[in-house]
file structure-v2.cif (mmCIF, C-alpha atoms)
data_target
#
loop_
_atom_site.label_atom_id
_atom_site.label_comp_id
_atom_site.auth_asym_id
_atom_site.auth_seq_id
_atom_site.Cartn_x
_atom_site.Cartn_y
_atom_site.Cartn_z
CA MET L 1 1.22 -19.54 -31.18
CA GLU L 2 4.57 -17.97 -30.52
CA ASN L 3 5.33 -17.11 -26.89
CA THR L 4 2.41 -19.18 -25.68
CA VAL L 5 2.35 -22.41 -23.71
CA GLN L 6 -0.56 -24.66 -22.88
CA ILE L 7 -1.37 -25.25 -19.22
CA THR L 8 -4.11 -27.42 -17.76
CA VAL L 9 -5.75 -26.23 -14.56
CA ILE L 10 -8.16 -28.54 -12.72
CA ASP L 11 -10.56 -26.55 -10.57
CA ARG L 12 -11.99 -27.54 -7.18
CA GLU L 13 -14.94 -29.27 -8.88
CA ASP L 14 -12.45 -31.42 -10.82
CA LYS L 15 -13.22 -29.65 -14.10
CA GLU L 16 -10.28 -29.36 -16.50
CA HIS L 17 -9.46 -26.03 -18.12
CA VAL L 18 -6.87 -25.97 -20.90
CA LEU L 19 -5.42 -22.47 -20.96
CA ASP L 20 -3.20 -20.63 -23.42
CA ALA L 21 -0.60 -18.87 -21.32
CA PRO L 22 1.69 -16.13 -22.59
CA THR L 23 5.37 -16.43 -21.68
CA ASP L 24 6.23 -12.84 -22.61
CA MET L 25 3.96 -10.91 -20.21
CA GLY L 26 5.65 -11.60 -16.89
CA MET L 27 2.61 -13.54 -15.77
CA ASN L 28 2.48 -15.99 -12.90
CA MET L 29 0.11 -18.91 -12.39
CA MET L 30 -2.13 -16.99 -9.98
CA GLU L 31 -2.55 -14.20 -12.54
CA LEU L 32 -3.17 -16.68 -15.34
CA CYS L 33 -6.00 -18.29 -13.36
CA LYS L 34 -7.50 -14.90 -12.55
CA SER L 35 -7.29 -13.80 -16.18
CA TYR L 36 -9.43 -16.82 -17.12
CA GLU L 37 -11.77 -16.08 -14.19
CA LEU L 38 -10.97 -19.32 -12.42
CA PRO L 39 -11.75 -19.22 -8.68
CA VAL L 40 -8.38 -17.99 -7.45
CA GLU L 41 -8.63 -14.95 -5.18
CA GLY L 42 -5.00 -13.77 -5.21
CA THR L 43 -5.92 -11.77 -2.12
CA CYS L 44 -2.45 -10.44 -1.32
CA GLY L 45 -1.77 -9.56 -4.93
CA GLY L 46 1.12 -11.98 -5.36
CA MET L 47 3.34 -11.39 -2.32
CA ALA L 48 3.18 -15.02 -1.10
CA MET L 49 1.21 -13.78 1.89
CA CYS L 50 -2.23 -15.35 1.67
CA ALA L 51 -2.04 -18.83 0.07
CA SER L 52 -5.29 -18.21 -1.82
CA CYS L 53 -3.45 -19.38 -4.99
CA HIS L 54 -2.31 -22.63 -3.39
CA MET L 55 -2.16 -25.36 -6.06
CA TYR L 56 -0.76 -28.86 -6.53
CA ILE L 57 1.62 -29.67 -9.37
CA LEU L 58 0.35 -32.87 -11.00
CA SER L 59 2.76 -33.19 -13.95
CA ASP L 60 6.45 -33.84 -13.46
CA HIS L 61 7.68 -30.42 -14.61
CA ASP L 62 10.71 -29.00 -12.84
CA LEU L 63 9.55 -25.58 -11.65
CA GLY L 64 12.48 -24.93 -9.35
CA GLU L 65 12.58 -24.87 -5.57
CA ARG L 66 10.12 -23.00 -3.37
CA ASN L 67 11.57 -19.69 -2.21
CA ASP L 68 11.66 -18.66 1.47
CA ASP L 69 8.51 -16.52 1.31
CA GLU L 70 6.62 -19.36 -0.32
CA GLU L 71 7.85 -21.93 2.23
CA GLY L 72 6.89 -19.55 5.02
CA MET L 73 3.37 -19.07 3.73
CA LEU L 74 2.83 -22.77 3.01
CA ASP L 75 3.85 -23.40 6.63
CA GLN L 76 0.73 -21.50 7.69
CA ALA L 77 -1.63 -22.82 5.02
CA PHE L 78 -3.81 -25.92 5.18
CA PHE L 79 -4.12 -29.00 2.91
CA VAL L 80 -0.39 -28.69 2.15
CA LYS L 81 1.25 -31.63 0.34
CA GLY L 82 4.68 -32.34 -1.08
CA ASN L 83 3.59 -31.00 -4.48
CA SER L 84 2.04 -27.82 -3.08
CA ARG L 85 3.07 -24.48 -4.62
CA LEU L 86 1.81 -20.92 -4.51
CA GLY L 87 0.71 -19.95 -8.03
CA CYS L 88 1.91 -16.38 -7.54
CA GLN L 89 5.48 -17.57 -7.18
CA LEU L 90 5.43 -19.59 -10.42
CA HIS L 91 6.43 -17.33 -13.28
CA ILE L 92 5.26 -18.76 -16.58
CA ALA L 93 8.07 -19.63 -18.97
CA ALA L 94 8.60 -21.87 -22.02
CA ASN L 95 9.27 -24.91 -19.81
CA PHE L 96 5.71 -24.65 -18.41
CA ASP L 97 4.29 -26.12 -21.66
CA GLY L 98 2.05 -29.09 -20.84
CA LEU L 99 1.99 -28.27 -17.09
CA LYS L 100 -0.94 -29.71 -15.18
CA VAL L 101 -2.02 -28.26 -11.82
CA LYS L 102 -4.96 -28.62 -9.47
CA LEU L 103 -6.33 -25.83 -7.30
CA ALA L 104 -6.10 -26.66 -3.60
CA GLU L 105 -9.09 -26.38 -1.29
CA VAL L 106 -9.52 -23.02 0.34
CA GLY L 107 -9.01 -23.44 4.06
CA GLY L 108 -9.44 -21.29 7.14
CA MET Z 1 -36.38 0.84 27.76
CA LEU Z 2 -34.24 3.88 27.24
CA ASP Z 3 -30.78 3.18 25.90
CA PHE Z 4 -28.23 5.33 27.68
CA THR Z 5 -25.27 3.97 25.72
CA ILE Z 6 -22.99 6.83 24.78
CA MET Z 7 -22.64 7.13 21.03
CA ILE Z 8 -19.65 8.40 19.14
CA GLU Z 9 -20.93 11.08 16.79
CA THR Z 10 -19.22 12.19 13.60
CA ASP Z 11 -19.91 13.38 10.06
CA ILE Z 12 -18.38 10.49 8.11
CA LEU Z 13 -17.99 7.16 9.82
CA VAL Z 14 -15.19 5.34 8.01
CA ILE Z 15 -15.05 1.57 8.32
CA GLY Z 16 -11.45 0.54 7.79
CA ALA Z 17 -8.33 2.50 8.79
CA GLY Z 18 -6.15 1.51 5.83
CA PRO Z 19 -4.63 4.02 3.37
CA CYS Z 20 -7.94 4.85 1.75
CA GLY Z 21 -9.74 5.33 5.08
CA LEU Z 22 -6.94 7.56 6.37
CA PHE Z 23 -6.88 9.73 3.25
CA THR Z 24 -10.65 10.12 3.61
CA VAL Z 25 -9.96 12.04 6.84
CA PHE Z 26 -7.82 14.54 4.94
CA GLU Z 27 -10.19 15.07 2.03
CA ALA Z 28 -13.22 15.28 4.33
CA GLY Z 29 -11.32 17.69 6.58
CA LEU Z 30 -10.78 20.10 3.69
CA LEU Z 31 -14.60 20.26 3.48
CA LYS Z 32 -14.85 20.78 7.27
CA LEU Z 33 -16.29 17.30 7.73
CA ARG Z 34 -15.08 15.22 10.68
CA CYS Z 35 -14.28 11.52 10.45
CA HIS Z 36 -14.17 8.65 12.90
CA LEU Z 37 -12.59 5.36 11.85
CA ILE Z 38 -13.41 1.82 12.99
CA ASP Z 39 -10.96 -1.02 12.39
CA ALA Z 40 -10.89 -4.64 13.52
CA LEU Z 41 -7.11 -4.51 13.82
CA PRO Z 42 -5.57 -2.94 16.93
CA GLN Z 43 -3.64 -0.37 14.86
CA ALA Z 44 -4.27 1.86 11.85
CA GLY Z 45 -2.84 1.02 8.44
CA GLY Z 46 -4.80 -2.04 7.34
CA GLN Z 47 -2.88 -4.63 5.38
CA LEU Z 48 0.04 -2.25 4.83
CA THR Z 49 0.82 -2.33 8.55
CA GLU Z 50 -0.44 -5.83 9.29
CA ILE Z 51 0.95 -7.77 6.32
CA TYR Z 52 3.68 -5.88 4.51
CA PRO Z 53 5.01 -2.84 6.41
CA LYS Z 54 8.54 -3.34 5.05
CA LYS Z 55 7.55 -3.87 1.41
CA PRO Z 56 8.29 -1.02 -1.00
CA ILE Z 57 5.44 0.44 -3.06
CA TYR Z 58 6.39 2.01 -6.39
CA ASP Z 59 3.12 3.39 -7.76
CA ILE Z 60 2.16 6.14 -5.34
CA PRO Z 61 2.29 9.33 -7.44
CA GLY Z 62 5.21 11.48 -6.39
CA PHE Z 63 6.95 8.69 -4.46
CA PRO Z 64 9.28 6.67 -6.72
CA GLU Z 65 9.57 4.24 -3.81
CA ILE Z 66 8.05 4.21 -0.34
CA LEU Z 67 7.74 1.49 2.29
CA ALA Z 68 4.14 0.53 3.10
CA GLY Z 69 4.70 1.38 6.77
CA GLU Z 70 6.09 4.80 5.86
CA LEU Z 71 3.11 5.55 3.63
CA ILE Z 72 0.80 4.88 6.58
CA ASP Z 73 2.94 7.10 8.85
CA ASN Z 74 2.67 9.87 6.26
CA LEU Z 75 -1.09 9.44 5.87
CA MET Z 76 -1.52 9.60 9.67
CA LYS Z 77 0.49 12.82 9.67
CA GLN Z 78 -1.56 14.21 6.80
CA ALA Z 79 -4.81 13.34 8.63
CA GLU Z 80 -3.64 14.67 12.01
CA PRO Z 81 -4.81 18.33 11.62
CA PHE Z 82 -8.35 17.00 11.22
CA LYS Z 83 -8.25 15.08 14.52
CA PRO Z 84 -9.80 11.79 13.44
CA GLY Z 85 -11.32 9.54 16.09
CA PHE Z 86 -10.50 5.84 16.17
CA THR Z 87 -12.29 2.75 17.41
CA LEU Z 88 -9.59 0.10 16.98
CA GLY Z 89 -9.61 -3.62 17.66
CA GLU Z 90 -13.36 -3.71 17.12
CA ARG Z 91 -15.17 -5.02 14.06
CA ALA Z 92 -18.10 -3.10 12.59
CA GLU Z 93 -20.94 -5.59 12.99
CA SER Z 94 -24.26 -4.04 12.07
CA PHE Z 95 -26.01 -0.82 11.14
CA GLU Z 96 -29.46 0.59 11.61
CA LYS Z 97 -31.06 3.74 10.21
CA THR Z 98 -32.52 6.38 12.50
CA GLU Z 99 -35.75 8.20 11.70
CA ASP Z 100 -33.81 11.23 10.50
CA GLY Z 101 -31.77 9.13 8.07
CA LYS Z 102 -28.58 8.73 10.09
CA PHE Z 103 -26.69 5.49 10.52
CA ILE Z 104 -25.94 3.83 13.85
CA VAL Z 105 -23.07 1.36 13.49
CA THR Z 106 -22.38 -1.06 16.33
CA THR Z 107 -19.07 -2.90 16.75
CA SER Z 108 -18.21 -6.37 18.01
CA ARG Z 109 -17.71 -4.88 21.47
CA GLY Z 110 -20.97 -2.99 21.42
CA THR Z 111 -19.51 0.48 20.78
CA LYS Z 112 -22.08 2.59 18.97
CA HIS Z 113 -21.36 5.29 16.41
CA ILE Z 114 -23.79 7.66 14.75
CA ALA Z 115 -23.20 9.57 11.51
CA PRO Z 116 -25.15 10.82 8.51
CA ILE Z 117 -22.61 9.15 6.19
CA VAL Z 118 -20.88 5.78 6.32
CA ALA Z 119 -17.90 5.09 4.08
CA ILE Z 120 -16.73 1.50 3.92
CA ALA Z 121 -13.00 1.48 3.19
CA GLY Z 122 -12.61 -2.09 4.33
CA GLY Z 123 -9.94 -3.23 1.87
CA LEU Z 124 -9.88 -7.00 1.79
CA GLY Z 125 -12.25 -7.24 4.74
CA CYS Z 126 -11.55 -8.00 8.40
CA PHE Z 127 -8.46 -9.91 9.33
CA GLU Z 128 -9.52 -13.05 11.14
CA PRO Z 129 -7.49 -16.01 12.40
CA ARG Z 130 -6.96 -18.86 9.96
CA LYS Z 131 -8.88 -21.81 11.31
CA PRO Z 132 -7.63 -25.34 10.69
CA PRO Z 133 -10.07 -27.35 8.56
CA ILE Z 134 -11.30 -29.71 11.29
CA SER Z 135 -15.05 -30.30 11.04
CA ASN Z 136 -15.95 -30.03 14.75
CA ILE Z 137 -13.44 -27.31 15.64
CA SER Z 138 -16.17 -24.75 16.32
CA ASP Z 139 -17.64 -27.01 19.05
CA PHE Z 140 -14.63 -26.18 21.22
CA GLU Z 141 -13.96 -22.55 20.33
CA ASP Z 142 -13.51 -20.68 23.62
CA LYS Z 143 -13.92 -24.06 25.36
CA GLY Z 144 -10.26 -24.95 25.08
CA ILE Z 145 -9.52 -23.80 21.53
CA GLU Z 146 -8.45 -20.18 21.14
CA TYR Z 147 -6.97 -18.57 18.03
CA ILE Z 148 -5.60 -15.52 19.83
CA VAL Z 149 -3.88 -15.26 23.20
CA ARG Z 150 -5.79 -12.44 24.88
CA ASP Z 151 -4.44 -12.89 28.41
CA PRO Z 152 -1.55 -15.26 29.09
CA GLU Z 153 -2.64 -15.58 32.75
CA PHE Z 154 -5.64 -17.52 31.47
CA TYR Z 155 -3.23 -20.41 30.84
CA ARG Z 156 -1.55 -20.43 34.27
CA GLY Z 157 -1.19 -24.00 35.55
CA LYS Z 158 -2.84 -25.43 32.43
CA SER Z 159 -1.56 -27.78 29.75
CA VAL Z 160 -1.33 -26.00 26.39
CA ILE Z 161 -0.66 -27.25 22.88
CA ILE Z 162 0.35 -24.62 20.32
CA SER Z 163 0.32 -25.19 16.55
CA GLY Z 164 2.22 -23.08 14.04
CA GLY Z 165 5.75 -22.25 13.00
CA GLY Z 166 5.70 -18.46 12.84
CA ASP Z 167 6.65 -15.80 15.38
CA SER Z 168 3.37 -15.80 17.21
CA ALA Z 169 3.45 -19.58 17.84
CA LEU Z 170 7.12 -19.53 18.86
CA ASP Z 171 6.88 -16.47 21.10
CA TRP Z 172 3.82 -17.73 22.98
CA ALA Z 173 5.36 -21.18 23.38
CA VAL Z 174 8.44 -19.61 24.99
CA PHE Z 175 6.41 -17.22 27.15
CA LEU Z 176 3.94 -19.79 28.43
CA ALA Z 177 6.68 -22.39 29.05
CA ASN Z 178 8.52 -19.95 31.32
CA GLY Z 179 6.57 -20.70 34.48
CA VAL Z 180 3.07 -19.83 33.28
CA ALA Z 181 1.53 -23.00 31.86
CA LYS Z 182 1.91 -26.40 33.50
CA GLU Z 183 2.98 -27.99 30.24
CA VAL Z 184 3.63 -26.58 26.76
CA THR Z 185 3.68 -28.59 23.56
CA LEU Z 186 4.55 -27.05 20.18
CA VAL Z 187 3.36 -28.78 17.04
CA HIS Z 188 4.68 -27.79 13.62
CA ARG Z 189 4.17 -29.45 10.29
CA SER Z 190 7.75 -29.20 9.08
CA LYS Z 191 11.19 -29.35 10.70
CA SER Z 192 12.12 -25.77 9.91
CA PHE Z 193 10.59 -22.72 11.56
CA ARG Z 194 9.93 -19.40 9.83
CA GLY Z 195 9.98 -17.25 12.94
CA HIS Z 196 12.75 -14.92 14.06
CA PRO Z 197 16.04 -16.89 14.43
CA ASP Z 198 16.33 -15.88 18.12
CA SER Z 199 12.88 -17.24 18.87
CA VAL Z 200 13.59 -20.45 16.96
CA GLN Z 201 16.79 -20.97 18.97
CA LYS Z 202 14.96 -20.37 22.26
CA VAL Z 203 12.32 -22.96 21.36
CA LEU Z 204 14.96 -25.50 20.36
CA ASP Z 205 16.90 -24.88 23.59
CA MET Z 206 13.78 -25.24 25.70
CA ALA Z 207 12.83 -28.40 23.83
CA ALA Z 208 16.32 -29.83 24.52
CA SER Z 209 15.98 -29.05 28.23
CA GLY Z 210 12.51 -30.54 28.38
CA LYS Z 211 10.61 -27.30 29.04
CA ILE Z 212 8.74 -27.53 25.72
CA ASN Z 213 7.50 -30.75 24.14
CA LEU Z 214 8.26 -30.35 20.46
CA HIS Z 215 6.51 -32.29 17.68
CA THR Z 216 7.72 -31.45 14.18
CA ASP Z 217 6.54 -33.05 10.94
CA ALA Z 218 3.13 -33.34 12.54
CA GLU Z 219 -0.22 -31.58 12.56
CA VAL Z 220 -3.40 -31.66 14.56
CA VAL Z 221 -6.10 -33.47 12.60
CA GLU Z 222 -8.77 -34.22 15.21
CA VAL Z 223 -10.13 -32.61 18.35
CA ALA Z 224 -12.35 -34.26 20.95
CA GLY Z 225 -13.92 -33.55 24.31
CA ASP Z 226 -17.25 -33.14 26.04
CA ASP Z 227 -18.27 -29.75 27.38
CA ALA Z 228 -14.68 -28.66 26.83
CA LEU Z 229 -11.66 -29.76 24.82
CA ARG Z 230 -10.04 -32.88 26.29
CA ASN Z 231 -7.65 -34.21 23.68
CA ILE Z 232 -6.29 -33.70 20.21
CA THR Z 233 -4.92 -36.14 17.67
CA LEU Z 234 -1.63 -35.51 15.92
CA GLN Z 235 -0.93 -37.00 12.55
CA HIS Z 236 2.77 -37.44 11.83
CA ASN Z 237 4.30 -37.30 8.37
CA ASP Z 238 4.66 -41.09 8.41
CA GLU Z 239 0.83 -41.27 8.77
CA THR Z 240 0.99 -42.55 12.38
CA LYS Z 241 -1.19 -40.82 14.95
CA THR Z 242 -0.73 -39.75 18.56
CA VAL Z 243 -3.48 -38.67 20.94
CA LEU Z 244 -2.51 -35.97 23.45
CA THR Z 245 -4.58 -34.86 26.43
CA THR Z 246 -4.70 -31.10 26.92
CA ASP Z 247 -6.62 -28.23 28.50
CA HIS Z 248 -6.01 -25.87 25.58
CA TRP Z 249 -5.07 -25.89 21.93
CA LEU Z 250 -3.91 -22.66 20.30
CA PRO Z 251 -3.80 -22.93 16.50
CA LEU Z 252 -1.70 -19.86 15.59
CA PHE Z 253 -1.65 -19.82 11.78
CA GLY Z 254 -1.82 -16.09 11.18
CA LEU Z 255 -4.66 -13.97 9.89
CA SER Z 256 -6.58 -13.92 6.63
CA PRO Z 257 -9.07 -11.33 5.44
CA LYS Z 258 -12.80 -12.05 5.30
CA LEU Z 259 -15.64 -9.79 4.19
CA GLY Z 260 -17.30 -10.79 7.47
CA PRO Z 261 -20.45 -9.09 8.76
CA LEU Z 262 -20.49 -6.57 5.88
CA SER Z 263 -21.80 -9.36 3.67
CA GLU Z 264 -25.03 -9.23 5.75
CA TRP Z 265 -25.60 -5.49 5.35
CA GLY Z 266 -27.94 -5.81 2.38
CA LEU Z 267 -25.40 -4.37 -0.04
CA ASN Z 268 -25.06 -5.59 -3.61
CA ILE Z 269 -22.02 -7.86 -3.56
CA ASP Z 270 -20.09 -9.24 -6.53
CA LYS Z 271 -17.27 -11.69 -5.82
CA ASN Z 272 -16.65 -10.46 -2.25
CA SER Z 273 -16.65 -6.81 -3.37
CA ILE Z 274 -19.32 -4.16 -2.83
CA GLU Z 275 -20.92 -2.77 -5.99
CA VAL Z 276 -20.88 1.02 -6.28
CA ASN Z 277 -21.62 3.59 -8.98
CA THR Z 278 -18.70 5.51 -10.43
CA PHE Z 279 -20.34 8.91 -9.96
CA ASP Z 280 -19.83 9.11 -6.21
CA TYR Z 281 -19.00 5.53 -5.12
CA GLN Z 282 -22.33 5.12 -3.36
CA THR Z 283 -23.70 1.63 -2.77
CA ASN Z 284 -27.31 0.56 -3.24
CA VAL Z 285 -27.98 2.02 0.25
CA PRO Z 286 -28.16 5.84 -0.06
CA GLY Z 287 -25.63 7.54 2.21
CA LEU Z 288 -23.54 4.40 2.47
CA TYR Z 289 -20.45 4.55 0.27
CA ALA Z 290 -17.64 2.06 -0.44
CA VAL Z 291 -14.16 3.13 -1.53
CA GLY Z 292 -10.84 1.43 -2.21
CA ASP Z 293 -10.16 -2.28 -2.59
CA ILE Z 294 -13.52 -3.34 -1.14
CA ASN Z 295 -15.62 -1.88 -3.96
CA THR Z 296 -16.17 -2.94 -7.53
CA TYR Z 297 -17.43 -1.29 -10.72
CA PRO Z 298 -16.72 -1.75 -14.42
CA GLY Z 299 -13.02 -1.10 -14.94
CA LYS Z 300 -12.13 -1.31 -11.24
CA LEU Z 301 -8.45 -1.55 -10.37
CA LYS Z 302 -7.44 -2.47 -6.84
CA LEU Z 303 -4.74 0.14 -6.41
CA ILE Z 304 -4.13 2.49 -3.50
CA LEU Z 305 -3.97 5.44 -5.87
CA CYS Z 306 -7.41 4.60 -7.28
CA GLY Z 307 -8.77 4.45 -3.73
CA PHE Z 308 -7.42 7.96 -3.09
CA HIS Z 309 -9.27 9.23 -6.15
CA GLU Z 310 -12.49 7.43 -5.23
CA THR Z 311 -12.58 8.76 -1.69
CA THR Z 312 -11.85 12.31 -2.85
CA LEU Z 313 -14.95 12.24 -5.07
CA MET Z 314 -16.92 10.41 -2.39
CA VAL Z 315 -16.51 13.17 0.24
CA GLN Z 316 -17.84 15.75 -2.24
CA SER Z 317 -21.03 13.72 -2.55
CA ALA Z 318 -21.12 13.21 1.23
CA PHE Z 319 -20.90 16.98 1.72
CA LYS Z 320 -23.88 17.55 -0.58
CA ARG Z 321 -25.90 14.92 1.28
CA ILE Z 322 -25.15 16.52 4.65
CA TYR Z 323 -25.56 20.13 3.46
CA PRO Z 324 -27.95 20.01 0.48
CA ASP Z 325 -28.45 23.78 0.61
CA LYS Z 326 -24.81 24.84 0.83
CA ASN Z 327 -22.89 25.77 -2.27
CA TYR Z 328 -19.38 24.50 -2.42
CA VAL Z 329 -16.41 25.65 -4.46
CA LEU Z 330 -13.30 23.51 -4.73
CA LYS Z 331 -10.43 25.12 -2.86
CA TYR Z 332 -6.80 24.37 -3.47
CA THR Z 333 -4.45 23.55 -0.58
CA THR Z 334 -1.71 25.57 -2.33
CA VAL Z 335 -3.89 28.67 -2.01
CA ASN Z 336 -5.60 28.06 1.31
CA GLY Z 337 -3.22 25.77 3.16
CA VAL Z 338 -4.58 23.11 5.49
CA ASN Z 339 -6.81 24.50 8.21
CA GLY Z 340 -7.41 21.81 10.79
CA PHE Z 341 -10.00 21.59 13.53
#

call {"tool": "encode", "arguments": {"input": "structure-v2.cif", "output": "C-alpha cells"}}
result
Amino acid sequence: MENTVQITVIDREDKEHVLDAPTDMGMNMMELCKSYELPVEGTCGGMAMCASCHMYILSDHDLGERNDDEEGMLDQAFFVKGNSRLGCQLHIAANFDGLKVKLAEVGG
Amino acid sequence: MLDFTIMIETDILVIGAGPCGLFTVFEAGLLKLRCHLIDALPQAGGQLTEIYPKKPIYDIPGFPEILAGELIDNLMKQAEPFKPGFTLGERAESFEKTEDGKFIVTTSRGTKHIAPIVAIAGGLGCFEPRKPPISNISDFEDKGIEYIVRDPEFYRGKSVIISGGGDSALDWAVFLANGVAKEVTLVHRSKSFRGHPDSVQKVLDMAASGKINLHTDAEVVEVAGDDALRNITLQHNDETKTVLTTDHWLPLFGLSPKLGPLSEWGLNIDKNSIEVNTFDYQTNVPGLYAVGDINTYPGKLKLILCGFHETTLMVQSAFKRIYPDKNYVLKYTTVNGVNGF
C-alpha cells in the first residue's frame, strides 16, 4: 500500500502484532498502538509527560536522537534502557518500515 | 454514637477542580445551584496547572491560542460570582447514601461533604507519586521511605538519600543539605539533570564541596531494614552495586494519575473510564454523574471543549433531580447577565 509502512509491536505478554502504519496522517507510535487497541494509555496525550508509551526499539532503525522533553521524562520513568523511547515522540515516516518495538512494563 | 463532624453542604459536589469541574460551577450557578469542589492536588486546575501550565491550547472555541494556566485563571474568574467552595489537597475516598437520597463523600483527611448530586470531573484520576518498582517498597513506606516531603524538619539530624533528577529532587537535596539533615545523598540515573539550571549548579557546587554525596549513573534497586528502613542498594551503570546505610530514602520521580479510590465506588468502569449515558452523563448510580476526561461513552473524545458541553447538560439534569416540581426555561447570559450569589 502506498504511504503505509509495516511495524511490529511486541506487547507486554510477548505477543507480536504486525501493524500497517500510515505515513501521511501525522501519526506517532503511541497513537498507532492506541489505534490498534494495544495496551498503551497515552495518558498525557502525547506531550512526553507521562511515559505510558515507553517502548524499546529492537531493530536497528535510526529514529533520530531523543529530544529534551523525552530525555526529561525518561529520567523520571522506570525500566529505562539504552534503547528506550517514548512512542509519542516517534513520528511515523517511510524509514520506519520494518521497525520492531517492544512495549515497556508500566511502572509506578 | 452521634457523629458531630461538621459537614460541608452544597448542591453539586464536584470531584476534580480541573477545567471541566470549574466550568460546572458557572453552569450550575446560572441555575442557582451551588458547587463545592474536592481535589487531591493543593491547587485548582488539574493537569493544566500541574503538568502543562505553559503549554498553548488551540482548540478552545473563541481562543485561537491560550496557555493552559491562563485558561484555568479565566475559568476561576468565570466561576467566582458563584462563590465555589474548595477542599484541596484531599482525595475523595468514599461515598455513602443517606436515607433521603443524598451523598456523603469523605476525603482522605476525613472531611465530609453532603450533597444531593455528585459530579465526578476527575480527569485522568488523582495525581499520585510514581513509585519505583521495588517489590518490598511498601514495607517501608512512612517507615523511612517517603514520596513527598511534607515537613523538612522531620529530617533534621537524619541521613537522607534522595532519588530523581528533576526540580523537586534537586531543590530538596539543596534545602536539606543546608544544615537540616545530617547527611544528604543524591542519586540520579544519568549524568545530566533536567531541573532548573540554577538548581543543578547549586547541587554540583555542593557536591564539589562535600555537602552533598552525588551518585550519577546509578539507581536504587533494593531496600532493606527491619521495623524501619536501614539501607538501600545502588546499582551503577557498570552493573556494580553499593549498599548505603540511611534513615530515609525519598524517591522523587514526579506524579502520575491513577483512578484511585473511585474504582471502588461500584461504578461501571471501562478501561479506567467511568461509563455514562449521553443523555445527561449520569453513571449507573442515580444522582452520580461523570463529566470530562474521566467518562466514556460511544464516540467519546477526551477534549476540554467536550467536557464543557457534557457538564452544561449535566447540570440541567441535576437541577431536575433536585427540583422535580420546578419548571425551568433556558436563560441566555446575553439577556440576563450573570447574577452571582

call {"tool": "resolve_selection", "arguments": {"input": "structure-v2.cif", "expression": "the PyMOL selection byres ((chain L) within 9 of (chain Z))", "output": "ChimeraX atom specification"}}
result
/L:43-44,47,49-50,68,71-73,75-79,107-108

call {"tool": "closest_residue", "arguments": {"input": "structure-v2.cif", "among": "L:Lys100, L:Ser52, L:Asn3, L:Val80", "to": "Met25 of chain L", "atoms": "all atoms listed in the file"}}
result
L:Asn3

call {"tool": "resolve_selection", "arguments": {"input": "structure-v2.cif", "expression": "the PyMOL selection byres ((chain Z and resi 280) around 9)", "output": "list of chain:residue names"}}
result
Z:Val276, Z:Asn277, Z:Thr278, Z:Phe279, Z:Tyr281, Z:Gln282, Z:Tyr289, Z:Glu310, Z:Thr311, Z:Leu313, Z:Met314, Z:Val315, Z:Gln316, Z:Ser317, Z:Ala318

call {"tool": "residues_around", "arguments": {"input": "structure-v2.cif", "residues": "Met29 of chain L", "least_positions_apart": "3", "cutoff": "9 Å", "atoms": "only C-alpha atoms", "output": "short mmCIF file (atom, residue, chain, number, x, y, z; two decimals) with C-alpha atoms, in the frame of the given file"}}
result
data_model
loop_
_atom_site.label_atom_id
_atom_site.label_comp_id
_atom_site.auth_asym_id
_atom_site.auth_seq_id
_atom_site.Cartn_x
_atom_site.Cartn_y
_atom_site.Cartn_z
CA ALA L 21 -0.60 -18.87 -21.32
CA LEU L 32 -3.17 -16.68 -15.34
CA CYS L 33 -6.00 -18.29 -13.36
CA LYS L 34 -7.50 -14.90 -12.55
CA CYS L 53 -3.45 -19.38 -4.99
CA LEU L 86 1.81 -20.92 -4.51
CA GLY L 87 0.71 -19.95 -8.03
CA CYS L 88 1.91 -16.38 -7.54
CA GLN L 89 5.48 -17.57 -7.18
CA LEU L 90 5.43 -19.59 -10.42
CA HIS L 91 6.43 -17.33 -13.28
CA ILE L 92 5.26 -18.76 -16.58
#

call {"tool": "residues_around", "arguments": {"input": "structure-v2.cif", "residues": "Leu58 of chain L", "least_positions_apart": "6", "cutoff": "8 Å", "atoms": "all atoms listed in the file", "output": "PyMOL selection string"}}
result
chain L and resi 83+99-102

call {"tool": "write_last_selection", "arguments": {"input": "structure-v2.cif", "atoms": "C-alpha atoms", "output": "short mmCIF file (atom, residue, chain, number, x, y, z; two decimals), in the coordinates of the input"}}
result
data_model
loop_
_atom_site.label_atom_id
_atom_site.label_comp_id
_atom_site.auth_asym_id
_atom_site.auth_seq_id
_atom_site.Cartn_x
_atom_site.Cartn_y
_atom_site.Cartn_z
CA ASN L 83 3.59 -31.00 -4.48
CA LEU L 99 1.99 -28.27 -17.09
CA LYS L 100 -0.94 -29.71 -15.18
CA VAL L 101 -2.02 -28.26 -11.82
CA LYS L 102 -4.96 -28.62 -9.47
#

call {"tool": "build_atoms", "arguments": {"input": "structure-v2.cif", "residues": "segment 87-93 of chain L", "atoms": "N, CA and C atoms", "output": "compact mmCIF listing (two decimals), keeping the file's coordinate frame"}}
result
# COMPACT_ATOMS: atom_id res chain seq x y z
N GLY L 87 0.74 -20.35 -6.62
CA GLY L 87 0.71 -19.95 -8.03
C GLY L 87 1.42 -18.63 -8.29
N CYS L 88 1.33 -17.72 -7.32
CA CYS L 88 1.91 -16.38 -7.54
C CYS L 88 3.42 -16.41 -7.62
N GLN L 89 4.02 -17.50 -7.16
CA GLN L 89 5.48 -17.57 -7.18
C GLN L 89 5.99 -18.37 -8.39
N LEU L 90 5.05 -18.79 -9.25
CA LEU L 90 5.43 -19.59 -10.42
C LEU L 90 5.31 -18.72 -11.67
N HIS L 91 6.43 -18.25 -12.15
CA HIS L 91 6.43 -17.33 -13.28
C HIS L 91 6.47 -18.12 -14.58
N ILE L 92 5.46 -17.93 -15.40
CA ILE L 92 5.26 -18.76 -16.58
C ILE L 92 6.36 -18.55 -17.61
N ALA L 93 6.99 -19.67 -17.98
CA ALA L 93 8.07 -19.63 -18.97
C ALA L 93 7.87 -20.79 -19.95
